[in-house]
Amino acid sequence: MGIDYQERIPNNVDLSDNRRLQRALEAWQPGFQSWWAEMGPDEFQDKEVFLRTAISVEKDGWANFGHVLMPDYRWGIFLAPAEDDRRVNFGDEKGKPAWQEVPGELRGTLRRLIVTQGDTEPASVEQQRHLGHTAPSLYDLRNLFQVNVEEGRHLWAMVYLLHAHFGRDGREEAEGMLERRSGDEDHPRILGAFNEKTPDWLSFFMFTYFTDRDGKYQLASLAESGFDPLSRTCRFMLTEEAHHMFVGESGVGRVVQRTAELMRAHDTEDVRPFGAVDLATLQRYLNFHFSVSIDLFGSELSTNAATYYTMGIKGRYQETRIDDDHRLNDALYSVIRHEGDDLVAREESALNALNERLRDDYVKDCDRGVQRWNKILRDHGIDFELRLPHRAFHRQIGAFADLHVTPEGRIVSEAEWNAGREAWLPTPADEAFVASLMQGVTEPGKFAGWLAPPARGINGQPVDFDYVRL
Ligand code: BYC
Ligand code: FE
Ligand code: FE
């Protein structure tokens, strides 16, 4: 399946055979380009960046590297190859052929999910738009821009579905994607975490570790969808998501490593005088980003989620590998609830608990990386462990939103929580200190002092390669 580069919009969906759709997308494209110019990376638009561009969806074929200007990036529309005779794999329609067109009764629901997914993509680009000025190296600057152009492509992916399958409503929603703005009082992005600020690179690494990982889990459950074009689109997006999470995990890991080295060298926990981030501050950043990211899974008990499932629209993580009836009508699932002053596990309808189940899968995945960061500390002989806070800590969505819960999972009074807050979440002083470290480093092969260099470069290039030509 090649991609037609003669087209204005690279694609593997035979766009040229559908003139009406092609024209609709070509009409949307200038709006996207103005949005990118206005809300994409601040400056650097006239600099060559060593970027990967999708040119084919085949294994090993979709990553094509070269120096390009970001405004010339070929944002395209790519679906993973169709599976022969694909079926709806769960819910009331289980066993019926997967839908190539949107079933009428699912229209509104599917559109809403696609809009919610699509909205996060430009939101993250907006959140990250000022980071280029303070990049800790050219290597990191390039990774930021790679993530940004791919989130732009993910927006294209959802806009394609809206234009191709939702008619006039879809076109209006596609316009709306370019109108909302992250953090805007009157026109905010849809989901909470995407209206937070990403003011510094520690936040960026935490965001790509925790929040892009929500992307992985949401996309994986939409990849199970009975609506086949959505499934195929999400499957291809997941290949790109892996890099975003790599940026986060390795980014935080390099910060941990530098901190550990300085703690050893100076025999102190207070590495701030040496220009690095102390472990207590790292833990507070982790607490913040984890808690806002688990909010993205919605309420623990959700009839929306049950409906998505029974309708065959949104499955569980790796649905087809789960050994059960894939209908869940009588199934139960254990969910943590609060009763009086306690948090206790209760059996609930598995259908209503699907958000919580996906959150459980996500939390396990998050913890694996935290343990790899802890191994770096252990290898330096440091007796400190980073930890995920309790899932009830600092929540805005779901059953814990009205509670005050410590990172250890103890329900406390509002007064006690407020007294603990500065030990648990980044303080203005932490943010000011981290901001003071953010001095851009632009010489090839040089790195800011608050993080270790990466183990290797990108796509076999050396670490001191000119990843961005300034
Ligand atoms: N903020 O039944 P409930 C990514 C709303 S990240 C604000 O609990 P439901 C990326 C909810 O909409 C992946 N509002 O939730 C990462 C509902 O509103 P209505 C993004 C929220 O519907 C990094 C009400 O509360 N993809 O790709 O079961 C960089 C009660 O809802 C929030 C998706 O999210 C919140 N956090 O599930 C770039 C997939 N949570 O109906 C990109 C698509 C809930 O009362 N979305 N609400 O008006 C979904 O599957 C679902 O919409 C959710 C919510 C899982 C988000
Ligand atoms: Fe994305
Ligand atoms: Fe991403």
# chains A, B, ... in the order shown; residues from 1 in each chain; ligands from 1
$ closest_atom_pairs --of "chain A" --to "ligand 2" --cutoff "12 Å" --atoms "only C-alpha atoms and all ligand atoms" --output "CSV"
residue,atom,partner,partner_atom_place_in_ligand_line,distance
A:Thr116,CA,ligand 2,1 (Fe),11.7
A:Gln117,CA,ligand 2,1 (Fe),8.4
A:Gly118,CA,ligand 2,1 (Fe),8.1
A:Asp119,CA,ligand 2,1 (Fe),9.6
A:Thr120,CA,ligand 2,1 (Fe),7.3
A:Glu121,CA,ligand 2,1 (Fe),5.1
A:Pro122,CA,ligand 2,1 (Fe),8.6
A:Ala123,CA,ligand 2,1 (Fe),9.8
A:Ser124,CA,ligand 2,1 (Fe),8.3
A:Val125,CA,ligand 2,1 (Fe),9.7
A:Gln146,CA,ligand 2,1 (Fe),11.4
A:Val147,CA,ligand 2,1 (Fe),8.3
A:Asn148,CA,ligand 2,1 (Fe),8.9
A:Val149,CA,ligand 2,1 (Fe),9.7
A:Glu150,CA,ligand 2,1 (Fe),6.8
A:Glu151,CA,ligand 2,1 (Fe),4.5
A:Gly152,CA,ligand 2,1 (Fe),7.8
A:Arg153,CA,ligand 2,1 (Fe),7.9
A:His154,CA,ligand 2,1 (Fe),5.2
A:Leu155,CA,ligand 2,1 (Fe),7.6
A:Trp156,CA,ligand 2,1 (Fe),10.3
A:Ala157,CA,ligand 2,1 (Fe),9.6
A:Met158,CA,ligand 2,1 (Fe),10.1
A:Phe194,CA,ligand 2,1 (Fe),12.0
A:Thr208,CA,ligand 2,1 (Fe),10.2
A:Thr211,CA,ligand 2,1 (Fe),9.9
A:Asp212,CA,ligand 2,1 (Fe),7.0
A:Arg213,CA,ligand 2,1 (Fe),9.7
A:Asp214,CA,ligand 2,1 (Fe),9.7
A:Gly215,CA,ligand 2,1 (Fe),6.3
A:Lys216,CA,ligand 2,1 (Fe),8.4
A:Tyr217,CA,ligand 2,1 (Fe),11.3
A:Gln218,CA,ligand 2,1 (Fe),10.2
A:Leu219,CA,ligand 2,1 (Fe),8.7
A:Ala220,CA,ligand 2,1 (Fe),11.9
A:Thr233,CA,ligand 2,1 (Fe),11.5
A:Cys234,CA,ligand 2,1 (Fe),9.6
A:Arg235,CA,ligand 2,1 (Fe),11.8
A:Phe236,CA,ligand 2,1 (Fe),10.9
A:Met237,CA,ligand 2,1 (Fe),7.0
A:Leu238,CA,ligand 2,1 (Fe),8.3
A:Thr239,CA,ligand 2,1 (Fe),10.4
A:Glu240,CA,ligand 2,1 (Fe),7.9
A:Glu241,CA,ligand 2,1 (Fe),6.5
A:Ala242,CA,ligand 2,1 (Fe),10.2
A:His243,CA,ligand 2,1 (Fe),10.7
A:His244,CA,ligand 2,1 (Fe),8.5
A:Met245,CA,ligand 2,1 (Fe),10.7
$ select_by_dssp --residues "stretch 267-378 of chain A" --states "helix (DSSP H, G or I)" --output "tab-separated table (two decimals) with C-alpha atoms, in the first residue's frame"
chain	number	residue	atom	x	y	z
A	272	ARG	CA	19.46	22.32	43.76
A	273	PRO	CA	22.68	24.27	44.43
A	274	PHE	CA	24.26	22.08	41.72
A	279	LEU	CA	13.93	13.85	44.20
A	280	ALA	CA	11.19	15.36	46.41
A	281	THR	CA	10.40	17.88	43.66
A	282	LEU	CA	10.42	15.12	41.03
A	283	GLN	CA	7.94	13.18	43.17
A	284	ARG	CA	5.66	16.23	43.39
A	285	TYR	CA	5.70	16.69	39.60
A	286	LEU	CA	4.96	12.99	39.21
A	287	ASN	CA	2.02	13.26	41.66
A	288	PHE	CA	0.53	16.11	39.69
A	289	HIS	CA	0.83	14.59	36.22
A	290	PHE	CA	-0.35	11.16	37.31
A	291	SER	CA	-3.42	12.54	39.05
A	292	VAL	CA	-4.54	14.77	36.17
A	293	SER	CA	-3.90	11.94	33.70
A	294	ILE	CA	-5.98	9.32	35.54
A	295	ASP	CA	-8.86	11.82	35.50
A	296	LEU	CA	-8.85	11.34	31.71
A	297	PHE	CA	-10.38	7.88	32.08
A	303	THR	CA	-23.14	4.28	31.93
A	304	ASN	CA	-21.54	6.07	28.94
A	305	ALA	CA	-18.74	3.52	28.97
A	306	ALA	CA	-21.23	0.66	29.28
A	307	THR	CA	-23.15	2.00	26.29
A	308	TYR	CA	-19.98	2.37	24.17
A	309	TYR	CA	-19.21	-1.25	24.92
A	310	THR	CA	-22.62	-2.83	24.36
A	319	GLU	CA	-10.20	-7.00	23.95
A	320	THR	CA	-9.66	-9.99	21.69
A	321	ARG	CA	-6.97	-11.43	23.95
A	354	LEU	CA	-15.06	-0.26	32.08
A	355	ASN	CA	-13.42	3.13	32.64
A	356	GLU	CA	-11.94	1.85	35.87
A	357	ARG	CA	-10.73	-1.32	34.23
A	358	LEU	CA	-8.90	0.67	31.56
A	359	ARG	CA	-7.48	2.91	34.29
A	360	ASP	CA	-6.21	-0.22	36.07
A	361	ASP	CA	-4.40	-1.35	32.91
A	362	TYR	CA	-2.95	2.13	32.59
A	363	VAL	CA	-1.80	2.36	36.21
A	364	LYS	CA	0.05	-0.96	35.90
A	365	ASP	CA	1.80	0.29	32.79
A	366	CYS	CA	2.73	3.59	34.48
A	367	ASP	CA	4.24	1.72	37.39
A	368	ARG	CA	6.59	-0.29	35.18
A	369	GLY	CA	8.40	2.86	34.09
A	370	VAL	CA	8.52	4.20	37.65
A	371	GLN	CA	10.28	0.97	38.66
A	372	ARG	CA	12.82	1.49	35.86
A	373	TRP	CA	13.49	5.00	37.23
A	374	ASN	CA	13.92	3.49	40.68
A	375	LYS	CA	16.46	1.06	39.30
A	376	ILE	CA	18.57	4.04	38.21
A	377	LEU	CA	18.46	5.27	41.83
A	378	ARG	CA	19.33	1.82	43.19
$ residues_around --residues "A:Phe50" --least-positions-apart "5" --cutoff "6 Å" --atoms "only C-alpha atoms" --output "list in words"
Gly66, His67 and Tyr467 of chain A
$ atom_distance --atom1 "atom CA of A:Val405" --atom2 "atom CA of A:His390"
8.2 Å
$ closest_residue --among "A:Gly104, A:Gly192, A:Gly420, A:Pro81" --to "ligand 1" --atoms "only C-alpha atoms and all ligand atoms"
A:Gly192
$ residues_around --residues "A:Arg346" --least-positions-apart "3" --cutoff "7 Å" --atoms "only C-alpha atoms" --output "VMD selection string"
chain A and resid 334 to 337
$ write_last_selection --atoms "C-alpha atoms" --output "mmCIF file, in the first residue's frame"
data_model
loop_
_atom_site.group_PDB
_atom_site.id
_atom_site.type_symbol
_atom_site.label_atom_id
_atom_site.label_comp_id
_atom_site.auth_asym_id
_atom_site.auth_seq_id
_atom_site.Cartn_x
_atom_site.Cartn_y
_atom_site.Cartn_z
ATOM 1 C CA SER A 334 -13.730 -4.847 41.560
ATOM 2 C CA VAL A 335 -13.763 -1.063 41.985
ATOM 3 C CA ILE A 336 -12.379 1.028 44.852
ATOM 4 C CA ARG A 337 -15.110 3.105 46.501
#
$ select_by_dssp --residues "stretch 50-239 of chain A" --states "strand (DSSP E)" --output "list of chain:residue names"
A:Phe50, A:Leu51, A:Arg52, A:Thr53, A:Asn64, A:Phe65, A:Gly66, A:His67, A:Val68, A:Leu69
$ atom_distance --atom1 "atom CA of A:Thr134" --atom2 "atom CA of A:Pro30"
29.3 Å
$ atom_distance --atom1 "atom 56 (C, counted along the ligand's line) of ligand 1" --atom2 "atom CA of A:Asn195"
13.8 Å
